[in-house]
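Novice: One structure coming up, written as structure tokens, with questions to follow.
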Amino acid sequence: MQLYIGNKNYSSWSLRAWIMLAKSGVPFSETQLVLDTPNFYQALESVSPTLKVPTLVDGKITVWDSLAICEYINDAYLTGKAWPQNVQQKAEARAIACEMHSGFNALRNEMPMNIRAKRHLKLTEQAQIDISRVEQIWGKQNALYADKGGWLFGEWSIADAMFAPVVLRFKTYGIKINKNATAYMQQTLACTVLQEWICDALKETDIVKVDEAGEEI
């Protein structure tokens, strides 16, 4: 099984698919490509119809898009265990995962993932609204599940994979959030699997200028 990803410092969608595989324990190899370079697109020409990362190749099956990859791994290898088993919790977990996948555009555009950096930003009103919504989700779920595993629904799930890059964004840009939401951030940052990704990102030297937002602190 081969996972094609971009720079670990910048590629938030790659992180979502990668952490799903790494947390699942399913063996895989990764092919890392430097974003926005001719070689990036050339390497993906015969792999992904979208020429984007992440893309997963598992035998004759090719899956592009991070959430689709998470769902595929869950169905093919985890017998559905990467979602909560309770029907109501599963519905809620899918709802917030899809909300992250399809929304929060201002947050994503104004606060690109940049693990190596510590930055200050002047954010738009819409980005502040996005931040407040994330804070609401994390705070509510932590209040409910802090003593049941500490993840969004107690046990780690695809919902946590979808929000992992947002935790890293909040750290980079020094976003202040309430006590319960901060506790969820700390839980995520302490994850040994995520720490492996972070360590690799800190070793990278490539610069993607479009993702270098804000002023150095």
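Ordered as shown in the structure tokens, chains take letters A, B, and onward, while each chain numbers its residues from 1 and ligands are numbered from 1 in the order shown.
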Give me the residues of stretch 95-146 of chain A that have any atom at most 8 Å from an atom of stretch 180-184 of chain A; for each, the nearest atom pair and the distance in Å, rounded to one decimal. Use only C-alpha atoms, sort by chain and number, and format it as JSON lines.
Specialist:
{"residue": "A:Glu135", "atom": "CA", "partner": "A:Ala181", "partner_atom": "CA", "distance": 5.7}
{"residue": "A:Gln136", "atom": "CA", "partner": "A:Ala181", "partner_atom": "CA", "distance": 7.6}
{"residue": "A:Ile137", "atom": "CA", "partner": "A:Ala181", "partner_atom": "CA", "distance": 7.9}
{"residue": "A:Trp138", "atom": "CA", "partner": "A:Ala181", "partner_atom": "CA", "distance": 4.7}
{"residue": "A:Gly139", "atom": "CA", "partner": "A:Ala181", "partner_atom": "CA", "distance": 4.1}
{"residue": "A:Lys140", "atom": "CA", "partner": "A:Asn180", "partner_atom": "CA", "distance": 7.5}
{"residue": "A:Asn142", "atom": "CA", "partner": "A:Asn180", "partner_atom": "CA", "distance": 5.7}
{"residue": "A:Ala143", "atom": "CA", "partner": "A:Asn180", "partner_atom": "CA", "distance": 6.3}
Novice: Write a file of the just-selected residues containing N, CA and C atoms, as a tab-separated table (two decimals), in the first residue's frame.
Specialist:
chain	number	residue	atom	x	y	z
A	135	GLU	N	-13.65	25.94	18.34
A	135	GLU	CA	-13.58	25.99	19.81
A	135	GLU	C	-14.83	25.37	20.43
A	136	GLN	N	-15.98	25.65	19.85
A	136	GLN	CA	-17.24	25.09	20.33
A	136	GLN	C	-17.24	23.57	20.23
A	137	ILE	N	-16.80	23.06	19.09
A	137	ILE	CA	-16.76	21.60	18.88
A	137	ILE	C	-15.82	20.95	19.88
A	138	TRP	N	-14.59	21.43	19.93
A	138	TRP	CA	-13.60	20.82	20.82
A	138	TRP	C	-14.01	20.93	22.28
A	139	GLY	N	-14.51	22.11	22.67
A	139	GLY	CA	-14.89	22.31	24.06
A	139	GLY	C	-16.03	21.41	24.49
A	140	LYS	N	-17.05	21.31	23.64
A	140	LYS	CA	-18.20	20.46	23.95
A	140	LYS	C	-17.78	19.00	24.06
A	142	ASN	N	-14.79	17.70	24.56
A	142	ASN	CA	-13.89	17.45	25.68
A	142	ASN	C	-14.66	17.38	26.99
A	143	ALA	N	-15.65	18.24	27.14
A	143	ALA	CA	-16.47	18.21	28.36
A	143	ALA	C	-17.20	16.87	28.50
Novice: From the options A:Met1, A:Ala190, A:Ala117, A:Leu168, which residue's atoms come nearest to A:Gly150, counting only C-alpha atoms?
Specialist: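 Selected residue with least distance to A:Gly150: A:Ala190.
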Novice: Point out the residue among A:Ala76, A:Ala213, A:Leu15, A:Ala93 with the least atom-to-atom distance to A:Trp156, counting only C-alpha atoms.
Specialist: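 Ranked by minimum distance to A:Trp156, first place goes to A:Ala93.
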Novice: Can you pull out every residue from stretch 40-213 of chain A that DSSP, working from the backbone, puts in alpha helix (DSSP H), and format the result as a ChimeraX atom specification?
Specialist: /A:40-44,66-77,87-102,105-110,125-145,158-172,179-189,192-203
Novice: Measure the distance from atom CA of A:Asp130 to atom CA of A:Phe104 in Å and round it to one decimal.
Specialist: 5.6 Å
Novice: Please return, as a ChimeraX atom specification, all residues of stretch 46-183 of chain A that DSSP assigns to strand (DSSP E or B) on the basis of the backbone.
Specialist: /A:55-58,61-64,119-120,151,153-155
Novice: At a cut-off of 12 Å, using only C-alpha atoms, what residues contact stretch 41-57 of chain A? Leave out same-chain residues fewer than 2 positions from it and give the result as a PDB file with N, CA and C atoms, in the first residue's frame.
Specialist:
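Below you can see out08.pdb, which holds the result:
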ATOM      1  N   MET A   1       0.849  -1.187   0.000  1.00  0.00           N
ATOM      2  CA  MET A   1       0.000   0.000   0.000  1.00  0.00           C
ATOM      3  C   MET A   1       0.888   1.243   0.000  1.00  0.00           C
ATOM      4  N   GLN A   2       0.610   2.168  -0.915  1.00  0.00           N
ATOM      5  CA  GLN A   2       1.446   3.361  -1.085  1.00  0.00           C
ATOM      6  C   GLN A   2       0.609   4.612  -0.884  1.00  0.00           C
ATOM      7  N   LEU A   3       1.091   5.504  -0.020  1.00  0.00           N
ATOM      8  CA  LEU A   3       0.421   6.779   0.212  1.00  0.00           C
ATOM      9  C   LEU A   3       1.292   7.906  -0.326  1.00  0.00           C
ATOM     10  N   TYR A   4       0.740   8.679  -1.238  1.00  0.00           N
ATOM     11  CA  TYR A   4       1.435   9.839  -1.800  1.00  0.00           C
ATOM     12  C   TYR A   4       1.024  11.069  -1.004  1.00  0.00           C
ATOM     13  N   ILE A   5       2.028  11.779  -0.488  1.00  0.00           N
ATOM     14  CA  ILE A   5       1.775  12.953   0.334  1.00  0.00           C
ATOM     15  C   ILE A   5       2.651  14.117  -0.112  1.00  0.00           C
ATOM     16  N   GLY A   6       2.334  15.316   0.394  1.00  0.00           N
ATOM     17  CA  GLY A   6       3.147  16.494   0.147  1.00  0.00           C
ATOM     18  C   GLY A   6       4.062  16.772   1.319  1.00  0.00           C
ATOM     19  N   ASN A   7       4.626  17.981   1.350  1.00  0.00           N
ATOM     20  CA  ASN A   7       5.508  18.390   2.447  1.00  0.00           C
ATOM     21  C   ASN A   7       4.801  18.219   3.790  1.00  0.00           C
ATOM     22  N   LYS A   8       5.470  17.602   4.731  1.00  0.00           N
ATOM     23  CA  LYS A   8       4.843  17.407   6.036  1.00  0.00           C
ATOM     24  C   LYS A   8       4.666  18.726   6.786  1.00  0.00           C
ATOM     25  N   TYR A  10       3.617  21.516   5.494  1.00  0.00           N
ATOM     26  CA  TYR A  10       2.520  22.314   4.950  1.00  0.00           C
ATOM     27  C   TYR A  10       1.254  21.531   4.604  1.00  0.00           C
ATOM     28  N   SER A  11       1.371  20.270   4.269  1.00  0.00           N
ATOM     29  CA  SER A  11       0.257  19.561   3.624  1.00  0.00           C
ATOM     30  C   SER A  11      -0.729  18.999   4.648  1.00  0.00           C
ATOM     31  N   SER A  12      -1.731  19.799   4.974  1.00  0.00           N
ATOM     32  CA  SER A  12      -2.710  19.411   5.991  1.00  0.00           C
ATOM     33  C   SER A  12      -3.569  18.236   5.547  1.00  0.00           C
ATOM     34  N   TRP A  13      -3.931  18.194   4.274  1.00  0.00           N
ATOM     35  CA  TRP A  13      -4.758  17.079   3.794  1.00  0.00           C
ATOM     36  C   TRP A  13      -3.959  15.788   3.795  1.00  0.00           C
ATOM     37  N   SER A  14      -2.668  15.868   3.480  1.00  0.00           N
ATOM     38  CA  SER A  14      -1.813  14.685   3.558  1.00  0.00           C
ATOM     39  C   SER A  14      -1.759  14.146   4.980  1.00  0.00           C
ATOM     40  N   LEU A  15      -1.651  15.056   5.958  1.00  0.00           N
ATOM     41  CA  LEU A  15      -1.596  14.639   7.351  1.00  0.00           C
ATOM     42  C   LEU A  15      -2.829  13.844   7.742  1.00  0.00           C
ATOM     43  N   ARG A  16      -3.985  14.260   7.285  1.00  0.00           N
ATOM     44  CA  ARG A  16      -5.220  13.574   7.667  1.00  0.00           C
ATOM     45  C   ARG A  16      -5.198  12.106   7.223  1.00  0.00           C
ATOM     46  N   ALA A  17      -4.786  11.864   5.994  1.00  0.00           N
ATOM     47  CA  ALA A  17      -4.723  10.485   5.505  1.00  0.00           C
ATOM     48  C   ALA A  17      -3.596   9.711   6.179  1.00  0.00           C
ATOM     49  N   TRP A  18      -2.461  10.367   6.353  1.00  0.00           N
ATOM     50  CA  TRP A  18      -1.290   9.706   6.942  1.00  0.00           C
ATOM     51  C   TRP A  18      -1.558   9.278   8.374  1.00  0.00           C
ATOM     52  N   ILE A  19      -2.150  10.165   9.182  1.00  0.00           N
ATOM     53  CA  ILE A  19      -2.370   9.824  10.586  1.00  0.00           C
ATOM     54  C   ILE A  19      -3.422   8.724  10.715  1.00  0.00           C
ATOM     55  N   MET A  20      -4.359   8.688   9.780  1.00  0.00           N
ATOM     56  CA  MET A  20      -5.335   7.596   9.782  1.00  0.00           C
ATOM     57  C   MET A  20      -4.619   6.256   9.600  1.00  0.00           C
ATOM     58  N   LEU A  21      -3.729   6.191   8.640  1.00  0.00           N
ATOM     59  CA  LEU A  21      -2.995   4.953   8.392  1.00  0.00           C
ATOM     60  C   LEU A  21      -2.053   4.638   9.546  1.00  0.00           C
ATOM     61  N   PHE A  28       2.049   0.486   5.506  1.00  0.00           N
ATOM     62  CA  PHE A  28       2.025   1.276   4.278  1.00  0.00           C
ATOM     63  C   PHE A  28       3.377   1.931   4.063  1.00  0.00           C
ATOM     64  N   SER A  29       3.613   2.308   2.825  1.00  0.00           N
ATOM     65  CA  SER A  29       4.803   3.081   2.476  1.00  0.00           C
ATOM     66  C   SER A  29       4.361   4.459   2.024  1.00  0.00           C
ATOM     67  N   GLU A  30       5.199   5.449   2.228  1.00  0.00           N
ATOM     68  CA  GLU A  30       4.840   6.801   1.808  1.00  0.00           C
ATOM     69  C   GLU A  30       5.797   7.313   0.733  1.00  0.00           C
ATOM     70  N   THR A  31       5.240   8.009  -0.218  1.00  0.00           N
ATOM     71  CA  THR A  31       6.020   8.716  -1.231  1.00  0.00           C
ATOM     72  C   THR A  31       5.762  10.194  -1.028  1.00  0.00           C
ATOM     73  N   GLN A  32       6.795  10.910  -0.636  1.00  0.00           N
ATOM     74  CA  GLN A  32       6.629  12.327  -0.332  1.00  0.00           C
ATOM     75  C   GLN A  32       7.108  13.171  -1.507  1.00  0.00           C
ATOM     76  N   LEU A  33       6.259  14.105  -1.923  1.00  0.00           N
ATOM     77  CA  LEU A  33       6.548  14.982  -3.055  1.00  0.00           C
ATOM     78  C   LEU A  33       6.551  16.432  -2.583  1.00  0.00           C
ATOM     79  N   VAL A  34       7.408  17.240  -3.188  1.00  0.00           N
ATOM     80  CA  VAL A  34       7.476  18.663  -2.841  1.00  0.00           C
ATOM     81  C   VAL A  34       6.357  19.396  -3.556  1.00  0.00           C
ATOM     82  N   LEU A  35       5.522  20.073  -2.801  1.00  0.00           N
ATOM     83  CA  LEU A  35       4.357  20.753  -3.357  1.00  0.00           C
ATOM     84  C   LEU A  35       4.739  21.812  -4.389  1.00  0.00           C
ATOM     85  N   ASP A  36       3.850  21.977  -5.368  1.00  0.00           N
ATOM     86  CA  ASP A  36       3.951  23.055  -6.356  1.00  0.00           C
ATOM     87  C   ASP A  36       5.274  23.065  -7.114  1.00  0.00           C
ATOM     88  N   THR A  37       5.733  21.877  -7.493  1.00  0.00           N
ATOM     89  CA  THR A  37       6.920  21.753  -8.326  1.00  0.00           C
ATOM     90  C   THR A  37       6.570  20.903  -9.540  1.00  0.00           C
ATOM     91  N   PRO A  38       7.304  21.049 -10.645  1.00  0.00           N
ATOM     92  CA  PRO A  38       7.024  20.223 -11.831  1.00  0.00           C
ATOM     93  C   PRO A  38       7.069  18.728 -11.530  1.00  0.00           C
ATOM     94  N   ASN A  39       8.019  18.315 -10.700  1.00  0.00           N
ATOM     95  CA  ASN A  39       8.146  16.897 -10.368  1.00  0.00           C
ATOM     96  C   ASN A  39       6.925  16.385  -9.617  1.00  0.00           C
ATOM     97  N   GLY A  59      -2.984  -1.962  -4.155  1.00  0.00           N
ATOM     98  CA  GLY A  59      -3.202  -2.939  -5.218  1.00  0.00           C
ATOM     99  C   GLY A  59      -3.836  -2.273  -6.427  1.00  0.00           C
ATOM    100  N   LYS A  60      -5.006  -2.753  -6.827  1.00  0.00           N
ATOM    101  CA  LYS A  60      -5.706  -2.191  -7.982  1.00  0.00           C
ATOM    102  C   LYS A  60      -6.632  -1.030  -7.601  1.00  0.00           C
ATOM    103  N   ILE A  61      -6.671  -0.707  -6.317  1.00  0.00           N
ATOM    104  CA  ILE A  61      -7.571   0.347  -5.842  1.00  0.00           C
ATOM    105  C   ILE A  61      -6.796   1.639  -5.633  1.00  0.00           C
ATOM    106  N   THR A  62      -7.295   2.720  -6.203  1.00  0.00           N
ATOM    107  CA  THR A  62      -6.730   4.050  -5.989  1.00  0.00           C
ATOM    108  C   THR A  62      -7.792   4.936  -5.357  1.00  0.00           C
ATOM    109  N   VAL A  63      -7.414   5.598  -4.287  1.00  0.00           N
ATOM    110  CA  VAL A  63      -8.337   6.478  -3.576  1.00  0.00           C
ATOM    111  C   VAL A  63      -7.685   7.840  -3.410  1.00  0.00           C
ATOM    112  N   TRP A  64      -8.351   8.876  -3.859  1.00  0.00           N
ATOM    113  CA  TRP A  64      -7.866  10.232  -3.651  1.00  0.00           C
ATOM    114  C   TRP A  64      -8.871  10.946  -2.737  1.00  0.00           C
ATOM    115  N   ASP A  65      -8.407  11.995  -2.098  1.00  0.00           N
ATOM    116  CA  ASP A  65      -9.174  12.763  -1.105  1.00  0.00           C
ATOM    117  C   ASP A  65      -8.982  12.130   0.274  1.00  0.00           C
ATOM    118  N   SER A  66      -8.653  12.972   1.251  1.00  0.00           N
ATOM    119  CA  SER A  66      -8.293  12.481   2.582  1.00  0.00           C
ATOM    120  C   SER A  66      -9.431  11.762   3.293  1.00  0.00           C
ATOM    121  N   LEU A  67     -10.637  12.309   3.244  1.00  0.00           N
ATOM    122  CA  LEU A  67     -11.754  11.662   3.933  1.00  0.00           C
ATOM    123  C   LEU A  67     -12.101  10.334   3.271  1.00  0.00           C
ATOM    124  N   ALA A  68     -12.043  10.288   1.942  1.00  0.00           N
ATOM    125  CA  ALA A  68     -12.303   9.028   1.233  1.00  0.00           C
ATOM    126  C   ALA A  68     -11.264   7.970   1.606  1.00  0.00           C
ATOM    127  N   ILE A  69     -10.020   8.386   1.768  1.00  0.00           N
ATOM    128  CA  ILE A  69      -8.969   7.448   2.186  1.00  0.00           C
ATOM    129  C   ILE A  69      -9.253   6.919   3.588  1.00  0.00           C
ATOM    130  N   CYS A  70      -9.636   7.811   4.487  1.00  0.00           N
ATOM    131  CA  CYS A  70      -9.971   7.383   5.851  1.00  0.00           C
ATOM    132  C   CYS A  70     -11.117   6.371   5.840  1.00  0.00           C
ATOM    133  N   GLU A  71     -12.139   6.660   5.052  1.00  0.00           N
ATOM    134  CA  GLU A  71     -13.283   5.754   4.962  1.00  0.00           C
ATOM    135  C   GLU A  71     -12.873   4.406   4.362  1.00  0.00           C
ATOM    136  N   TYR A  72     -12.017   4.435   3.357  1.00  0.00           N
ATOM    137  CA  TYR A  72     -11.576   3.188   2.728  1.00  0.00           C
ATOM    138  C   TYR A  72     -10.810   2.315   3.718  1.00  0.00           C
ATOM    139  N   ILE A  73      -9.861   2.909   4.432  1.00  0.00           N
ATOM    140  CA  ILE A  73      -9.090   2.146   5.418  1.00  0.00           C
ATOM    141  C   ILE A  73     -10.004   1.587   6.493  1.00  0.00           C
TER     142      ILE A  73
END
Novice: Quick one: pull the distance between atom CA of A:Gln85 and atom CA of A:Asp58, Å, one decimal.
Specialist: 25.8 Å
Novice: Do a neighbour search on A:Val134 at 10 Å with only C-alpha atoms, toss out local chain neighbours closer than 6 positions, and write the hits as a PDB file with N, CA and C atoms, in the first residue's frame.
Specialist:
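Dumped everything to selection08.pdb:
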ATOM      1  N   ILE A  96     -19.343  16.260  12.115  1.00  0.00           N
ATOM      2  CA  ILE A  96     -18.289  17.248  12.347  1.00  0.00           C
ATOM      3  C   ILE A  96     -17.072  16.994  11.460  1.00  0.00           C
ATOM      4  N   MET A 100     -15.699  19.796   8.798  1.00  0.00           N
ATOM      5  CA  MET A 100     -14.309  20.207   8.632  1.00  0.00           C
ATOM      6  C   MET A 100     -13.852  20.021   7.188  1.00  0.00           C
ATOM      7  N   PHE A 104     -15.028  25.760   6.857  1.00  0.00           N
ATOM      8  CA  PHE A 104     -13.927  26.482   7.497  1.00  0.00           C
ATOM      9  C   PHE A 104     -12.945  27.063   6.471  1.00  0.00           C
ATOM     10  N   LEU A 107     -10.665  30.034   7.723  1.00  0.00           N
ATOM     11  CA  LEU A 107      -9.616  29.530   8.614  1.00  0.00           C
ATOM     12  C   LEU A 107      -8.510  28.872   7.796  1.00  0.00           C
ATOM     13  N   GLN A 128     -12.495  34.424  12.306  1.00  0.00           N
ATOM     14  CA  GLN A 128     -12.795  34.397  13.744  1.00  0.00           C
ATOM     15  C   GLN A 128     -14.040  33.566  14.024  1.00  0.00           C
ATOM     16  N   LYS A 140     -17.051  21.312  23.639  1.00  0.00           N
ATOM     17  CA  LYS A 140     -18.197  20.461  23.952  1.00  0.00           C
ATOM     18  C   LYS A 140     -17.783  18.998  24.058  1.00  0.00           C
ATOM     19  N   PHE A 163      -9.406  16.888  12.327  1.00  0.00           N
ATOM     20  CA  PHE A 163      -9.108  18.114  13.062  1.00  0.00           C
ATOM     21  C   PHE A 163      -7.641  18.246  13.476  1.00  0.00           C
ATOM     22  N   VAL A 166      -5.808  21.309  12.266  1.00  0.00           N
ATOM     23  CA  VAL A 166      -6.309  22.551  12.861  1.00  0.00           C
ATOM     24  C   VAL A 166      -5.630  22.798  14.208  1.00  0.00           C
ATOM     25  N   VAL A 167      -5.402  21.738  14.955  1.00  0.00           N
ATOM     26  CA  VAL A 167      -4.640  21.860  16.196  1.00  0.00           C
ATOM     27  C   VAL A 167      -3.269  22.469  15.913  1.00  0.00           C
ATOM     28  N   ILE A 177      -8.058  29.742  23.063  1.00  0.00           N
ATOM     29  CA  ILE A 177      -9.377  29.119  23.135  1.00  0.00           C
ATOM     30  C   ILE A 177      -9.665  28.707  24.572  1.00  0.00           C
ATOM     31  N   ALA A 181     -11.402  23.247  25.202  1.00  0.00           N
ATOM     32  CA  ALA A 181     -10.845  23.138  23.848  1.00  0.00           C
ATOM     33  C   ALA A 181      -9.324  23.041  23.898  1.00  0.00           C
TER      34      ALA A 181
END
Novice: My list of candidates is A:Glu92, A:Met111, A:Lys118, A:Asn105. Which is closest to A:Glu216 when distances are computed with only C-alpha atoms?
Specialist: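 For A:Glu216, the nearest of the given residues is A:Lys118.
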Novice: Hey, what's within 10 Å of A:Cys191 if we count only C-alpha atoms and toss same-chain stuff fewer than 5 positions away? As JSON, numbers by chain, please?
Specialist: {"A": [23, 186, 196]}
Novice: Measuring between only C-alpha atoms, which one of A:Val193, A:Ala22, A:Ile198, A:Ala82 shows the shortest distance to A:Gly154?
Specialist: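 The closest residue to A:Gly154 is A:Ala82.
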Novice: Could you check the closest approach to A:Gly149 for each of A:Pro165, A:Thr188, A:Thr205, A:Leu121 and tell me which residue wins, using only C-alpha atoms?
Specialist: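 Checking each of A:Pro165, A:Thr188, A:Thr205, A:Leu121 against A:Gly149, counting only C-alpha atoms, the winner is A:Thr188.
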